[in-house]
Each structure stands twice: as C-alpha cells, then as structure tokens.
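Here's the structure we're looking at; comments come further down.
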Amino acid sequence: MRSLFEVKNLNMHYPVTDGLLGNIKGYVYALNNVSINIYENEILGLVGESGSGKSTLGNCILKLLNPTSGEVIFNGENILNKSKKELNDFRKKAQLIFQNPYMSLDPRMKIYDILKEPFIINKIKDKTEIDNKIKRIIQLIGLNEEVLSRYPHEFSGGQRQRIAIARAIILNPEFVVADEPVSALDVSIQAQIVNLLIKLKNELNLTMLFISHDLSIIKYISDRVAVMYLGEIVEIAPKEELFSNHKHPYTQALLNALPLINKDKPQKIIISGDIPSPQNPPNGCKFHTRCPYVMDKCKIKHPEFYEISNGHSVRCFLCESS
C-alpha cells in the first residue's frame with residue numbers, strides 16, 4: 001500500500017503563560033513524537049478519550065495548527081515547509097469535516113453560496129462549471145436541488161452535516177479529516193452519515209482520517225485503527241486484528257465499554273481515575289498511573305513501539321518479548 005501521508009515525530013506543545021507578564025511557565029504536551037502512516041484509499045480510525053490529542057493531530061496534519069516539530073509528508077513533500085500559495089494548493093486536496101453542523105455553516109448564507117465559497121476562494125470563476133458541480137454534489141449526498149435556495153436553520157442536524165460534507169468534498173480532495181462528524185447527531189441519524197462517508201470514500205477514491213471516541217462506530221467504518229492516549233499512539237492495527245487480538249491495556253479498557261452479544265465475556269480490565277493533565281504528564285509510560293498491570297520499569301522508562309505482527313504495533317512493555 002502506498003502512503004498518502006507519513007507523519008514523523010510530530011510534537012505539539014502549547015506554551016502556558018502566567019497571564020500578567022506573558023512569561024511562559026510551562027507547556028501543554030498535546031502531541032508527543034507521533035509517527036503514523038495513512039495509506040491511500042483507506043479509512044484510518046483514530047480513537048481515544050477526550051483530551052488525548054485526536055483533533056490536534058488532525059489539525060496538524062492539515063496544517064491548521066503549526067506543530068512544534070516533526071514532519072507531515074503528503075505525496076512525498078513536507079507540507080510544514082510549504083509557502084502560503086503552496087498550502088492553498090494543498091488544501092484543495094485535503095479537507096476537514098467539522099464536528100458540529102450547527103456551528104460550521106454560516107447562518108446568513110444560502111446553501112448554494114456556502115457550496116460556492118470554495119470555488120471563490122480558489123478563484124474558479126466558470127459559472128457553468130460551478131453550477132454543475134454543486135448540483136452533482138447535492139445529488140451525491142442525497143439531497144434535492146431545491147435545498148440550494150434555503151438557509152442552514154431550515155434543516156435538521158443530519159441534513160446540515162450532509163451539506164458540510166458536500167462543502168468539504170466539492171473540489172474533489174484526495175484526503176479528508178472527519179473530526180467526530182456524528183457525535184453531535186441523534187443516534188438514529190449517525191448510521192446514515194457514516195454510511196454516506198463510506199459511499200463517498202468508495203465512489204470518489206477518498207482517503208480518510210476518521211476521529212471518534214466511539215469504538216462501535218470506529219469498528220464499522222475503519223480499515224485500520226489507531227488508539228491514542230495522552231498525545232501518543234499506543235496501539236495500531238488492521239481493524240479485525242485490533243478488535244480480536246488487542247494487546248494494550250488501554251485498548252482493552254476502551255473495548256470493555258462495547259456491548260457483548262455472546263455470553264463468554266473475557267476478564268474485564270478496569271482503569272480508575274481520569275486521564276492525567278497534558279501539562280504535567282507522568283514519567284515513563286504515560287498510561288502507568290491507571291494501568292492494572294503496571295511494573296516498576298513502566299514508571300521510569302518510556303516503551304517503544306513493539307511490532308507483534310504485520311501491521312500491528314503496541315507501545316507497552318507487556319509486548320516487549322512478542
């Protein structure tokens with residue numbers, strides 16, 4: 001498989017100031033040496049608790065945030081070194097679907113103008129081309145052309161999210177970050193939007209980073225899954241492998257929240273407490289303060305990624321000898 005994105009040793013450290021003189025008194029360590037590949041035409045699911053750094057990673061990959069250090073290689077080029085003009089070209093190929101469809105659409109604009117805006121920004125002026133693409137994209141997302149003359153407040157949350165998705169893909173990008181795109185929607189609507197994203201991925205040959213805290217949705221939509229904890233990827237594997245042969249205690253704790261249909265329930269791993277502050281992360285393994293299998297070296301040494309099978313890697317000393 002060809003890598004569309006290669007993220008190498010990405011760090012995002014926000015300075016914390018004292019509020020009076022503006023002196024830096026510390027940092028929020030949002031991302032810590034994150035390295036990950038996103039393969040062409042796959043949906044990579046990214047899961048973890050709130051505050052684990054998922055959205056920050058998505059925004060850094062699109063360079064909506066400027067990371068502290070590291071590389072984001074897109075089609076062989078580091079986008080972090082690109083000029084403003086080169087970034088504008090890149091953003092035609094890489095787009096973001098926001099979490100909240102009630103906040104991401106301008107209430108003063110009709111749907112036609114919302115969908116036309118990317119063409120204006122990219123100085124595409126052919127009215128016939130614009131009209132044809134807008135009509136095509138509206139049909140592709142399952143709405144009628146009559147919606148184009150209406151305003152966002154006239155639509156349900158699911159319809160608004162369809163429109164937001166249409167805006168993100170209207171310039172035929174290669175890559176989309178879907179940042180919790182169904183978490184603000186009713187459960188009855190979530191499946192419709194997830195199925196729409198799968199359809200668009202297949203029909204438009206999209207590559208997607210799908211961010212969620214819900215493992216059941218991640219299991220349904222993803223080809224591979226990466227598990228994130230306190231600014232680090234702690235486990236990554238093909239979907240079937242991760243759900244059937246997970247190794248990291250944090251992954252197991254997340255999976256405990258999924259309902260089980262069969263009666264043969266495995267022993268549950270219980271984690272206590274909240275995720276530590278990213279401003280003061282623990283030494284050694286970041287998960288050791290909540291891990292039921294913690295060893296002395298976990299409190300001192302930081303585990304590397306251990307590859308336990310093809311495509312399945314885990315950041316845990318329990319897998320050191322695998």
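Just remember, in the structure tokens the first chain shown is A, the second B, etc., residues are 1-based per chain, and ligands are 1-based in the order shown.
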
For this session: Could you pull out the residues in region 32-129 of chain A that DSSP calls helix (DSSP H, G or I) from the backbone, as a ChimeraX atom specification?
Result: /A:54-61,79-81,84-93,111-121,127-129

Per residue of region 183-291 of chain A within 10 Å of region 17-36 of chain A, note the shortest atom pair and the distance in Å to one decimal, counting only C-alpha atoms, and order the rows by chain and increasing residue number, as a tab-separated table.
```
residue	atom	partner	partner_atom	distance
A:Ala226	CA	A:Ile36	CA	8.8
A:Met228	CA	A:Val34	CA	9.7
A:Tyr229	CA	A:Leu31	CA	9.7
A:Leu230	CA	A:Ala30	CA	7.2
A:Gly231	CA	A:Leu31	CA	4.1
A:Glu232	CA	A:Asn32	CA	5.8
A:Ile233	CA	A:Val34	CA	6.6
A:Val234	CA	A:Val34	CA	9.8
A:Ile236	CA	A:Ile36	CA	9.0
A:Ser277	CA	A:Val28	CA	8.2
A:Pro278	CA	A:Tyr29	CA	5.1
A:Gln279	CA	A:Val28	CA	4.1
A:Asn280	CA	A:Val28	CA	7.6
A:Pro281	CA	A:Tyr29	CA	7.7
```

Can you write out the residues you just picked, keeping N, CA and C atoms, as a PDB file, in the first residue's frame?
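Saved as selection.pdb:
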```pdb
ATOM      1  N   ALA A 226      -6.132   3.297  14.995  1.00  0.00           N
ATOM      2  CA  ALA A 226      -5.062   3.762  15.871  1.00  0.00           C
ATOM      3  C   ALA A 226      -5.686   4.231  17.179  1.00  0.00           C
ATOM      4  N   MET A 228      -5.238   6.295  20.698  1.00  0.00           N
ATOM      5  CA  MET A 228      -4.424   7.415  21.189  1.00  0.00           C
ATOM      6  C   MET A 228      -4.670   7.646  22.670  1.00  0.00           C
ATOM      7  N   TYR A 229      -3.582   7.909  23.388  1.00  0.00           N
ATOM      8  CA  TYR A 229      -3.684   8.202  24.819  1.00  0.00           C
ATOM      9  C   TYR A 229      -2.664   9.274  25.175  1.00  0.00           C
ATOM     10  N   LEU A 230      -3.126  10.372  25.719  1.00  0.00           N
ATOM     11  CA  LEU A 230      -2.280  11.449  26.235  1.00  0.00           C
ATOM     12  C   LEU A 230      -1.209  11.876  25.220  1.00  0.00           C
ATOM     13  N   GLY A 231      -1.635  12.098  23.996  1.00  0.00           N
ATOM     14  CA  GLY A 231      -0.736  12.638  22.983  1.00  0.00           C
ATOM     15  C   GLY A 231       0.126  11.625  22.270  1.00  0.00           C
ATOM     16  N   GLU A 232      -0.136  10.325  22.493  1.00  0.00           N
ATOM     17  CA  GLU A 232       0.675   9.276  21.859  1.00  0.00           C
ATOM     18  C   GLU A 232      -0.224   8.213  21.227  1.00  0.00           C
ATOM     19  N   ILE A 233       0.254   7.605  20.159  1.00  0.00           N
ATOM     20  CA  ILE A 233      -0.391   6.414  19.625  1.00  0.00           C
ATOM     21  C   ILE A 233       0.127   5.229  20.432  1.00  0.00           C
ATOM     22  N   VAL A 234      -0.793   4.492  21.076  1.00  0.00           N
ATOM     23  CA  VAL A 234      -0.369   3.372  21.922  1.00  0.00           C
ATOM     24  C   VAL A 234      -0.592   2.020  21.256  1.00  0.00           C
ATOM     25  N   ILE A 236      -1.793   0.328  17.134  1.00  0.00           N
ATOM     26  CA  ILE A 236      -2.329   0.489  15.788  1.00  0.00           C
ATOM     27  C   ILE A 236      -2.333  -0.870  15.096  1.00  0.00           C
ATOM     28  N   SER A 277      -3.151  15.259  33.339  1.00  0.00           N
ATOM     29  CA  SER A 277      -3.070  16.540  32.653  1.00  0.00           C
ATOM     30  C   SER A 277      -1.939  16.510  31.615  1.00  0.00           C
ATOM     31  N   PRO A 278      -2.203  16.938  30.376  1.00  0.00           N
ATOM     32  CA  PRO A 278      -1.124  17.016  29.389  1.00  0.00           C
ATOM     33  C   PRO A 278      -0.106  18.094  29.714  1.00  0.00           C
ATOM     34  N   GLN A 279      -0.409  18.933  30.706  1.00  0.00           N
ATOM     35  CA  GLN A 279       0.567  19.932  31.146  1.00  0.00           C
ATOM     36  C   GLN A 279       1.600  19.317  32.094  1.00  0.00           C
ATOM     37  N   ASN A 280       1.216  18.222  32.711  1.00  0.00           N
ATOM     38  CA  ASN A 280       2.127  17.552  33.644  1.00  0.00           C
ATOM     39  C   ASN A 280       2.015  16.045  33.452  1.00  0.00           C
ATOM     40  N   PRO A 281       2.424  15.533  32.284  1.00  0.00           N
ATOM     41  CA  PRO A 281       2.265  14.098  32.021  1.00  0.00           C
ATOM     42  C   PRO A 281       3.197  13.270  32.896  1.00  0.00           C
TER      43      PRO A 281
END
```

Exercise. Quick one: residues within 9 Å of Ile163 (chain A), only C-alpha atoms counted, chain neighbours fewer than 4 positions away excluded, as a VMD selection string?
Worked result: chain A and resid 101 105 111 114 to 115 138 141 143 152 158 to 159 167 to 168

Problem set entry | Secondary structure check, strand (DSSP E or B) residues of region 16-170 of chain A, as a count of residues only | 35

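Among the candidates A:Phe74, A:Tyr151, A:Tyr14, A:Phe317, the one nearest to Tyr112 (chain A) when counting only C-alpha atoms is A:Tyr151.
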
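Residue nearest Val147 (chain A) within the list A:Ile134, A:Leu200, A:Cys298, A:Leu255: A:Ile134 [criterion: smallest interatomic distance, only C-alpha atoms].
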
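When CA of Gly273 (chain A) is paired with CA of Thr289 (chain A), their separation reads 8.5 Å.
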